[in-house]
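Colleague: See final-v7.txt below, with compact mmCIF, C-alpha atoms and all ligand atoms.
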# COMPACT_ATOMS: atom_id res chain seq x y z
CA MET A 8 0.00 0.00 0.00
CA GLU A 9 1.22 3.48 -0.85
CA LYS A 10 1.66 5.77 2.12
CA LYS A 11 -0.52 8.86 2.41
CA CYS A 12 0.60 12.35 3.39
CA LEU A 13 -0.23 13.04 7.03
CA SER A 14 0.86 16.68 6.72
CA SER A 15 -2.03 17.21 4.30
CA LEU A 16 -4.77 16.39 6.79
CA THR A 17 -6.79 19.21 8.30
CA LEU A 18 -7.32 19.08 12.05
CA ALA A 19 -10.84 17.71 11.47
CA GLN A 20 -9.52 14.97 9.18
CA LEU A 21 -6.74 14.14 11.61
CA THR A 22 -9.31 13.87 14.39
CA ASP A 23 -11.29 11.36 12.29
CA THR A 24 -8.12 9.42 11.56
CA MET A 25 -7.31 9.20 15.26
CA LYS A 26 -10.84 8.02 15.98
CA GLU A 27 -10.46 5.26 13.38
CA LEU A 28 -7.26 4.19 15.11
CA GLY A 29 -9.11 4.06 18.42
CA GLN A 30 -7.19 7.05 19.79
CA PRO A 31 -8.56 9.92 21.88
CA ALA A 32 -9.28 13.15 20.01
CA PHE A 33 -6.62 15.15 21.85
CA ARG A 34 -3.94 13.14 20.06
CA ALA A 35 -5.03 14.78 16.81
CA LYS A 36 -4.31 18.23 18.17
CA GLN A 37 -0.98 17.11 19.60
CA ILE A 38 0.11 15.59 16.31
CA PHE A 39 -1.11 18.65 14.40
CA HIS A 40 1.10 20.77 16.68
CA TRP A 41 4.10 18.56 15.99
CA VAL A 42 3.62 18.84 12.24
CA HIS A 43 2.43 22.42 11.78
CA GLN A 44 3.84 24.31 14.75
CA ARG A 45 6.97 22.49 15.85
CA LEU A 46 7.72 21.50 12.27
CA VAL A 47 9.19 18.07 13.01
CA THR A 48 10.28 15.95 10.09
CA ASP A 49 9.72 12.44 11.41
CA PHE A 50 7.33 10.56 13.62
CA ALA A 51 10.05 9.60 16.11
CA ALA A 52 10.32 13.27 17.15
CA MET A 53 6.75 13.23 18.53
CA THR A 54 7.98 12.33 21.98
CA ASP A 55 4.66 12.63 23.83
CA GLN A 56 2.96 10.02 21.64
CA PRO A 57 2.76 6.29 22.39
CA LYS A 58 5.41 4.35 20.49
CA THR A 59 2.79 1.89 19.25
CA LEU A 60 0.76 4.70 17.71
CA LEU A 61 3.81 6.18 16.00
CA ALA A 62 4.72 2.77 14.59
CA LYS A 63 1.19 2.37 13.31
CA LEU A 64 1.20 5.83 11.70
CA ASP A 65 4.54 5.11 10.08
CA GLU A 66 3.03 2.06 8.36
CA SER A 67 0.48 4.03 6.32
CA TRP A 68 1.46 7.69 6.50
CA TYR A 69 4.42 9.91 5.67
CA LEU A 70 5.32 13.50 6.55
CA ALA A 71 6.08 15.86 3.67
CA VAL A 72 9.77 16.68 4.02
CA PRO A 73 11.25 18.10 0.84
CA LYS A 74 14.99 17.98 0.33
CA ILE A 75 16.79 21.21 -0.56
CA GLU A 76 18.36 20.18 -3.84
CA ARG A 77 19.73 23.62 -4.68
CA ARG A 78 19.77 26.92 -2.81
CA GLN A 79 20.63 30.27 -4.33
CA GLN A 80 20.86 33.55 -2.49
CA ALA A 81 20.79 36.95 -4.17
CA LYS A 82 22.45 40.10 -2.85
CA ASP A 83 19.09 41.54 -1.86
CA GLY A 84 18.50 38.57 0.46
CA THR A 85 16.10 36.69 -1.81
CA VAL A 86 16.61 32.95 -1.47
CA LYS A 87 15.46 30.50 -4.06
CA TYR A 88 15.14 26.79 -3.39
CA LEU A 89 14.86 23.88 -5.73
CA LEU A 90 13.03 21.36 -3.56
CA ARG A 91 12.88 17.66 -4.29
CA MET A 92 9.68 15.92 -3.22
CA ALA A 93 9.47 12.35 -1.92
CA ASP A 94 8.64 11.00 -5.40
CA GLY A 95 11.68 12.69 -6.96
CA ASN A 96 9.85 15.61 -8.59
CA CYS A 97 11.28 19.09 -8.14
CA ILE A 98 9.53 22.39 -7.49
CA GLU A 99 10.65 25.91 -6.66
CA THR A 100 10.10 28.04 -3.59
CA VAL A 101 11.32 31.59 -3.07
CA VAL A 102 11.74 33.69 0.08
CA MET A 103 11.71 37.46 -0.31
CA ARG A 104 12.75 39.76 2.51
CA TYR A 105 10.54 42.82 2.68
CA ASN A 106 10.56 45.43 5.42
CA TYR A 107 7.09 44.25 6.52
CA GLY A 108 8.17 40.63 6.86
CA ASN A 109 9.41 37.50 5.14
CA THR A 110 7.31 36.39 2.20
CA VAL A 111 7.37 32.92 0.68
CA CYS A 112 6.29 32.36 -2.90
CA VAL A 113 4.99 28.79 -3.09
CA SER A 114 4.43 26.38 -5.96
CA THR A 115 1.08 24.59 -6.05
CA GLN A 116 1.69 22.02 -8.80
CA VAL A 117 4.59 20.15 -10.35
CA GLY A 118 4.54 21.98 -13.67
CA CYS A 119 1.45 23.66 -15.07
CA ARG A 120 -1.01 23.01 -17.88
CA MET A 121 -2.21 26.56 -18.50
CA GLY A 122 0.21 27.20 -21.36
CA CYS A 123 0.91 30.94 -20.89
CA ARG A 124 3.39 31.75 -23.62
CA PHE A 125 5.76 33.85 -21.51
CA CYS A 126 6.03 31.42 -18.58
CA ALA A 127 8.79 28.86 -17.97
CA SER A 128 6.68 26.77 -15.55
CA THR A 129 4.29 25.52 -18.19
CA GLN A 130 6.71 24.61 -20.96
CA ALA A 131 6.80 20.91 -20.06
CA GLY A 132 3.17 20.70 -18.96
CA ARG A 133 1.81 19.50 -15.63
CA VAL A 134 3.18 16.40 -13.95
CA ARG A 135 0.90 16.32 -10.89
CA ASN A 136 -0.78 18.39 -8.22
CA LEU A 137 1.06 19.12 -4.99
CA GLU A 138 -0.50 17.76 -1.81
CA ALA A 139 -1.66 20.28 0.79
CA GLY A 140 1.10 19.11 3.12
CA GLU A 141 3.76 19.51 0.45
CA ILE A 142 2.75 23.15 0.00
CA CYS A 143 2.89 23.67 3.79
CA ALA A 144 6.30 22.02 3.79
CA GLU A 145 7.63 24.59 1.32
CA ILE A 146 7.01 27.23 3.96
CA TYR A 147 8.35 25.17 6.85
CA THR A 148 11.51 24.32 4.93
CA ALA A 149 12.13 27.98 4.10
CA GLN A 150 11.38 29.15 7.65
CA LYS A 151 13.81 26.66 9.15
CA ASP A 152 16.46 27.44 6.56
CA ILE A 153 16.43 31.22 7.06
CA GLY A 154 15.86 30.88 10.80
CA ALA A 155 13.16 33.54 10.86
CA ARG A 156 9.39 33.58 10.87
CA ILE A 157 7.50 33.64 7.60
CA SER A 158 4.67 36.16 7.84
CA HIS A 159 3.35 36.41 4.29
CA ILE A 160 2.60 33.97 1.48
CA VAL A 161 1.99 34.44 -2.21
CA LEU A 162 0.68 31.54 -4.31
CA MET A 163 2.65 32.67 -7.32
CA GLY A 164 5.17 29.92 -7.87
CA ILE A 165 4.89 27.00 -10.28
CA GLY A 166 1.33 25.91 -11.04
CA GLU A 167 -2.19 27.27 -11.15
CA PRO A 168 -3.68 27.21 -7.63
CA LEU A 169 -7.29 27.05 -8.82
CA ASP A 170 -6.40 23.99 -10.95
CA ASN A 171 -5.56 22.19 -7.67
CA TYR A 172 -8.53 23.52 -5.75
CA GLU A 173 -9.14 21.05 -2.89
CA ASN A 174 -5.48 20.70 -1.95
CA VAL A 175 -4.97 24.46 -2.02
CA MET A 176 -8.00 24.95 0.26
CA ALA A 177 -6.67 22.36 2.73
CA PHE A 178 -3.28 24.08 2.58
CA LEU A 179 -4.88 27.47 3.34
CA GLU A 180 -6.79 26.01 6.27
CA ASN A 181 -3.69 24.43 7.79
CA ILE A 182 -1.28 27.30 7.22
CA SER A 183 -3.69 29.84 8.74
CA SER A 184 -4.69 27.62 11.65
CA PRO A 185 -4.00 29.04 15.13
CA GLU A 186 -2.88 25.49 15.97
CA GLY A 187 -0.15 25.76 13.33
CA VAL A 188 2.17 28.54 12.13
CA ASN A 189 -0.89 30.79 12.07
CA ILE A 190 -0.25 32.94 9.02
CA GLY A 191 -3.26 35.22 8.70
CA MET A 192 -5.38 35.05 5.55
CA ARG A 193 -4.91 38.79 5.10
CA ASN A 194 -1.22 38.08 4.60
CA ILE A 195 -1.89 35.59 1.82
CA SER A 196 -2.31 36.34 -1.90
CA LEU A 197 -3.60 33.78 -4.37
CA SER A 198 -2.81 34.42 -8.00
CA THR A 199 -4.81 32.91 -10.85
CA CYS A 200 -4.55 33.05 -14.62
CA GLY A 201 -8.34 33.40 -14.65
CA LEU A 202 -10.09 30.04 -14.17
CA VAL A 203 -13.62 31.37 -13.79
CA PRO A 204 -15.25 28.32 -12.14
CA GLY A 205 -12.48 28.40 -9.53
CA ILE A 206 -12.98 32.12 -8.91
CA GLU A 207 -16.72 31.55 -8.42
CA ARG A 208 -16.07 28.70 -6.02
CA LEU A 209 -13.50 30.71 -4.10
CA ALA A 210 -15.95 33.60 -3.73
CA LYS A 211 -18.25 31.27 -1.78
CA GLU A 212 -15.48 30.37 0.68
CA ASN A 213 -15.42 34.03 1.66
CA LEU A 214 -11.78 34.03 2.73
CA GLN A 215 -9.92 37.15 3.74
CA LEU A 216 -7.03 36.49 1.35
CA THR A 217 -6.20 38.73 -1.60
CA LEU A 218 -7.16 37.43 -5.01
CA SER A 219 -4.74 38.46 -7.69
CA VAL A 220 -5.72 38.01 -11.32
CA SER A 221 -3.10 37.67 -14.04
CA LEU A 222 -4.68 39.95 -16.58
CA HIS A 223 -1.68 40.96 -18.72
CA ALA A 224 -3.82 42.39 -21.52
CA PRO A 225 -6.80 44.74 -21.88
CA ASN A 226 -8.57 42.93 -24.74
CA ASN A 227 -9.21 39.40 -25.99
CA ALA A 228 -7.04 39.67 -29.08
CA ILE A 229 -3.88 40.40 -27.10
CA ARG A 230 -4.78 38.23 -24.12
CA SER A 231 -5.55 35.13 -26.19
CA GLY A 232 -2.21 35.57 -27.92
CA MET A 233 -0.44 35.47 -24.56
CA MET A 234 -2.66 33.10 -22.57
CA PRO A 235 -4.62 30.17 -24.04
CA VAL A 236 -6.88 30.20 -20.95
CA ASN A 237 -8.46 33.33 -22.42
CA ASP A 238 -10.09 31.21 -25.14
CA ALA A 239 -11.96 29.25 -22.47
CA TYR A 240 -12.73 32.26 -20.25
CA PRO A 241 -12.51 35.45 -22.30
CA LEU A 242 -12.64 38.88 -20.70
CA GLU A 243 -16.42 39.24 -21.00
CA VAL A 244 -16.70 36.11 -18.80
CA LEU A 245 -13.69 36.72 -16.55
CA MET A 246 -14.33 40.35 -15.62
CA PRO A 247 -17.91 39.88 -14.38
CA ALA A 248 -16.67 36.92 -12.28
CA VAL A 249 -13.92 39.08 -10.77
CA ARG A 250 -16.35 41.92 -10.07
CA ALA A 251 -18.74 39.44 -8.44
CA TYR A 252 -15.87 38.05 -6.36
CA GLN A 253 -15.06 41.53 -5.13
CA HIS A 254 -18.72 42.24 -4.40
CA ASP A 255 -19.34 38.94 -2.57
CA THR A 256 -16.20 38.93 -0.44
CA GLY A 257 -15.79 42.68 0.09
CA ARG A 258 -12.10 42.20 -0.68
CA ARG A 259 -10.40 44.26 -3.36
CA VAL A 260 -8.71 42.19 -6.01
CA SER A 261 -5.43 43.10 -7.61
CA PHE A 262 -4.35 42.61 -11.20
CA GLU A 263 -0.98 41.51 -12.48
CA TYR A 264 0.12 42.97 -15.76
CA SER A 265 3.39 41.59 -17.13
CA MET A 266 4.70 44.02 -19.70
CA VAL A 267 5.92 42.74 -23.05
CA ARG A 268 7.59 45.07 -25.50
CA GLY A 269 5.40 45.88 -28.46
CA VAL A 270 2.62 43.54 -27.33
CA ASN A 271 0.69 45.04 -24.41
CA ASP A 272 2.59 48.19 -23.47
CA SER A 273 1.16 50.94 -25.69
CA ALA A 274 -0.68 54.04 -24.50
CA ALA A 275 -3.78 52.62 -26.19
CA CYS A 276 -3.45 49.53 -23.97
CA ALA A 277 -3.29 51.69 -20.85
CA HIS A 278 -6.51 53.45 -21.89
CA GLU A 279 -8.24 50.15 -22.62
CA LEU A 280 -7.06 48.69 -19.33
CA ALA A 281 -8.32 51.68 -17.36
CA ALA A 282 -11.72 51.35 -19.04
CA LEU A 283 -11.83 47.60 -18.38
CA ILE A 284 -11.34 47.87 -14.63
CA ARG A 285 -13.00 51.25 -14.08
CA GLY A 286 -14.79 51.64 -10.77
CA MET A 287 -13.27 48.57 -9.14
CA GLY A 288 -10.72 50.43 -7.05
CA ALA A 289 -8.43 47.57 -7.93
CA HIS A 290 -4.69 47.72 -7.76
CA VAL A 291 -2.53 46.95 -10.81
CA ASN A 292 0.91 45.43 -10.40
CA LEU A 293 3.13 46.11 -13.40
CA ILE A 294 5.89 43.56 -13.94
CA PRO A 295 8.42 43.89 -16.75
CA ILE A 296 8.38 40.42 -18.27
CA ASN A 297 11.26 38.15 -17.34
CA PRO A 298 12.44 36.76 -20.67
CA VAL A 299 12.56 32.95 -20.67
CA ASP A 300 14.21 30.61 -23.16
CA GLY A 301 11.93 29.51 -25.94
CA SER A 302 9.66 32.53 -25.63
CA PRO A 303 9.56 35.26 -28.28
CA TYR A 304 8.77 38.00 -25.76
CA SER A 305 11.10 40.69 -24.49
CA ALA A 306 10.61 43.14 -21.64
CA THR A 307 9.30 46.66 -21.90
CA ASP A 308 12.11 49.00 -20.89
CA ALA A 309 11.95 50.75 -17.55
CA ALA A 310 11.14 54.20 -18.96
CA ASN A 311 8.14 52.82 -20.84
CA VAL A 312 6.91 50.92 -17.82
CA ARG A 313 7.06 54.22 -15.90
CA ARG A 314 5.18 56.00 -18.69
CA PHE A 315 2.49 53.30 -18.69
CA GLN A 316 2.19 53.56 -14.92
CA ASN A 317 1.86 57.36 -15.01
CA LEU A 318 -0.80 57.14 -17.68
CA LEU A 319 -2.79 54.66 -15.58
CA THR A 320 -2.48 56.95 -12.58
CA GLU A 321 -3.78 59.88 -14.63
CA LEU A 322 -6.69 57.69 -15.68
CA GLY A 323 -7.53 57.02 -12.05
CA VAL A 324 -6.02 53.53 -11.75
CA ASN A 325 -3.76 52.73 -8.83
CA ALA A 326 -0.68 51.04 -10.32
CA THR A 327 2.74 50.12 -8.95
CA VAL A 328 5.78 48.61 -10.58
CA ARG A 329 6.83 45.40 -8.91
CA ARG A 330 10.28 45.60 -7.46
CA ARG A 331 12.47 42.97 -9.05
CA LEU A 332 14.05 40.84 -6.40
CA GLY A 333 16.56 38.14 -7.08
CA SER A 334 16.59 38.38 -10.86
CA GLU A 335 20.25 37.40 -11.02
CA ILE A 336 19.36 34.00 -9.53
CA SER A 337 16.63 33.40 -12.12
CA ALA A 338 14.00 33.76 -9.41
CA ALA A 339 11.27 34.08 -12.01
CA CYS A 340 9.20 30.99 -11.47
CA GLY A 341 9.94 27.81 -13.31
CA GLN A 342 13.41 28.62 -14.50
CA LEU A 343 15.38 26.65 -11.94
CA ARG A 344 13.23 23.53 -12.28
CA ARG A 345 13.60 23.75 -16.02
CA GLU A 346 17.38 23.90 -15.81
CA GLU A 347 17.34 20.86 -13.55
CA MET A 348 15.07 18.93 -15.93
CA GLN A 349 17.38 19.70 -18.83
CA LYS A 350 20.38 18.41 -16.88
CA ASN A 351 18.64 15.27 -15.57
CA PRO A 352 15.80 14.50 -17.96
N1 LIG A 401 -0.82 30.36 -12.21
C1 LIG A 401 -0.96 31.56 -11.43
C2 LIG A 401 0.18 31.82 -10.47
C3 LIG A 401 1.59 31.56 -10.90
S1 LIG A 401 2.44 32.73 -11.88
C4 LIG A 401 -1.18 32.75 -12.34
O1 LIG A 401 -1.13 32.59 -13.54
O2 LIG A 401 -1.46 33.83 -11.83
C5 LIG A 401 2.61 34.23 -10.98
C6 LIG A 401 2.62 35.44 -11.90
O3 LIG A 401 3.83 35.53 -12.67
C7 LIG A 401 1.48 35.45 -12.91
O4 LIG A 401 0.95 36.75 -13.01
C8 LIG A 401 2.20 35.06 -14.19
O5 LIG A 401 1.47 35.44 -15.33
C9 LIG A 401 3.50 35.79 -14.03
N2 LIG A 401 4.59 35.32 -14.87
C10 LIG A 401 4.87 34.07 -15.29
N3 LIG A 401 5.97 34.04 -16.05
C11 LIG A 401 6.42 35.30 -16.11
C12 LIG A 401 7.54 35.92 -16.75
N4 LIG A 401 8.39 35.22 -17.48
N5 LIG A 401 7.69 37.25 -16.58
C13 LIG A 401 6.82 37.97 -15.85
N6 LIG A 401 5.76 37.45 -15.22
C14 LIG A 401 5.55 36.12 -15.35
Translate this file's structure into structure tokens.
Modeller:
Amino acid sequence: MEKKCLSSLTLAQLTDTMKELGQPAFRAKQIFHWVHQRLVTDFAAMTDQPKTLLAKLDESWYLAVPKIERRQQAKDGTVKYLLRMADGNCIETVVMRYNYGNTVCVSTQVGCRMGCRFCASTQAGRVRNLEAGEICAEIYTAQKDIGARISHIVLMGIGEPLDNYENVMAFLENISSPEGVNIGMRNISLSTCGLVPGIERLAKENLQLTLSVSLHAPNNAIRSGMMPVNDAYPLEVLMPAVRAYQHDTGRRVSFEYSMVRGVNDSAACAHELAALIRGMGAHVNLIPINPVDGSPYSATDAANVRRFQNLLTELGVNATVRRRLGSEISAACGQLRREEMQKNP
């Protein structure tokens, strides 16, 4: 029998599991603490548990403990990890040091099947979803490695979080649990390429996290050229869903707009973008595209990004340019995993 991931269980599921094993409910909380608060990496470390129970758990369950395969640190303090999962697959995790706290950018899938043409993570497709506990373990591994508390999370690494919906929800529950590392939902951003059914489902969960939508273009012609997902959920379907999300949750969304020279960076695009999101009070994050191998796109130069930003501001849209951290260590998602796959196919 294949072992299952104990780190993925929510406290309620762990309580059921303990019941099935004939154990008192308080054991569930104790074990949850060991995994999600004390961040132990094997059952033997759970010293207040009966040895017989630990042996039994070890028969059918494992703890998600990724191995740091590579670690790169940039001058600005950004650390990027290539993490190897138990089954041999690799993913990427990045820690960014901001003045408000340490932020981890987590992957949610091994690879991605969304096919965005500028993105390195999707070039070889999707291998599998990450388990909830594997996503938690990205944060625990980073926290232990830097020796400082992680206070913020962005789901902006490899993968499309809403394409791994249940596991991502279990991850969010565990990572924000007061019985675990207790990272508040308001310190978590979930980024999506625009899977409308997922956005509608998420709206019903009514979480306090920030939804970030990878818009990247103000009309269908440009967006479909950059992102195949736009053929399934074009702007006239996506935008009402995003507006409804904002209305239902009372949480302002933000938009990511990766700038590609000659593709989506004209003054006309800024005008169209402002019209598209008018009245939402939404925030736009401008990101000069990180050129990746095998992609025809190049980045808008800094002066043009600034011009685009100023124009948006004049048009009443709140826009900032994302600070580039760690670019010399190819911290743009997917690049490190891709290098590794090319070396060891
Ligand atoms: N799948 C999710 C989250 C992962 S990507 C999503 O699409 O939102 C996080 C952000 O980085 C997205 O906005 C994505 O479009 C953007 N991105 C991906 N590759 C990029 C690149 N090479 N340069 C700039 N931004 C990129």
Colleague: Throw together the list of residues within 7 Å of ligand LIG 401 (chain A), counting only C-alpha atoms and all ligand atoms, and drop it here as a PyMOL selection string.
Modeller: chain A and resi 125-127+162-168+198-200+220-221+263-265+294-299+339-340
Colleague: What's around A:Phe315 at 9 Å? Count only C-alpha atoms, leave out sequence neighbours fewer than 6 positions away in its own chain, and write the answer as JSON, numbers by chain.
Modeller: {"A": [272, 273, 274, 276, 277, 293]}
Colleague: For A:Cys123, which residue among A:Thr307, A:Gln316, A:Ser231, A:Thr100 is the nearest when counting all atoms listed in the file?
Modeller: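 Of all the options, A:Ser231 lies closest to A:Cys123.
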Colleague: Interatomic distance between atom CA of A:Arg314 and atom CA of A:Ala224?
Modeller: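 Answer for the atom CA of A:Arg314 to atom CA of A:Ala224 separation: 16.6 Å.
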Colleague: Calculate how many Å separate atom CA of A:Gln215 from atom CA of A:Gly187, rounding to one decimal.
Modeller: 17.8 Å
Colleague: Take the point (17.8, 30.1, -3.1) as written in the file and pick out every residue within 6 Å of it, counting only C-alpha atoms; give the list as a short mmCIF file (atom, residue, chain, number, x, y, z; two decimals) with C-alpha atoms, in the frame of the given file.
Modeller:
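What follows is the written file result.cif:
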data_model
loop_
_atom_site.label_atom_id
_atom_site.label_comp_id
_atom_site.auth_asym_id
_atom_site.auth_seq_id
_atom_site.Cartn_x
_atom_site.Cartn_y
_atom_site.Cartn_z
CA ARG A 78 19.77 26.92 -2.81
CA GLN A 79 20.63 30.27 -4.33
CA GLN A 80 20.86 33.55 -2.49
CA VAL A 86 16.61 32.95 -1.47
CA LYS A 87 15.46 30.50 -4.06
CA TYR A 88 15.14 26.79 -3.39
#
Colleague: Which one is closest to A:Leu169: A:Asp23, A:Glu66, A:Glu207, A:Asp55? Count only C-alpha atoms.
Modeller: A:Glu207
Colleague: Report, in Å with one decimal, the straight-line distance from atom CA of A:Val111 to atom CA of A:Ile38.
Modeller: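 Atom-to-atom, atom CA of A:Val111 to atom CA of A:Ile38, that is 24.4 Å.
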Colleague: Within 12 Å of (-1.8, 36.3, 7.4) in the file's own coordinates, which protein, DNA or RNA residues have an atom, counting only C-alpha atoms? List them as number ranges by chain.
Modeller: A: 107-111, 157-161, 179-180, 182-185, 188-196, 214-217
Colleague: Counting only C-alpha atoms, what is within 7 Å of A:Leu137, bar same-chain residues fewer than 3 positions away, as an mmCIF file with C-alpha atoms, in the coordinates of the input?
Modeller:
data_model
loop_
_atom_site.group_PDB
_atom_site.id
_atom_site.type_symbol
_atom_site.label_atom_id
_atom_site.label_comp_id
_atom_site.auth_asym_id
_atom_site.auth_seq_id
_atom_site.Cartn_x
_atom_site.Cartn_y
_atom_site.Cartn_z
ATOM 1 C CA THR A 115 1.080 24.590 -6.050
ATOM 2 C CA GLN A 116 1.690 22.020 -8.800
ATOM 3 C CA VAL A 117 4.590 20.150 -10.350
ATOM 4 C CA GLU A 141 3.760 19.510 0.450
ATOM 5 C CA ILE A 142 2.750 23.150 0.000
#
Colleague: For A:Gln37, which residue among A:Ala275, A:Met53, A:Ile153, A:Leu242 is the nearest when counting all atoms listed in the file?
Modeller: A:Met53
Colleague: Could you name the residues that touch A:Thr22 at 8 Å or less, counting all atoms listed in the file, but leaving out those on the same chain fewer than 5 positions away, as a PyMOL selection string?
Modeller: chain A and resi 32+34-36
Colleague: Nearest residue to A:Arg258 out of A:Arg344, A:His290, A:Lys63, A:Lys82, using only C-alpha atoms?
Modeller: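 Of the candidates, the smallest distance to A:Arg258 is held by A:His290.
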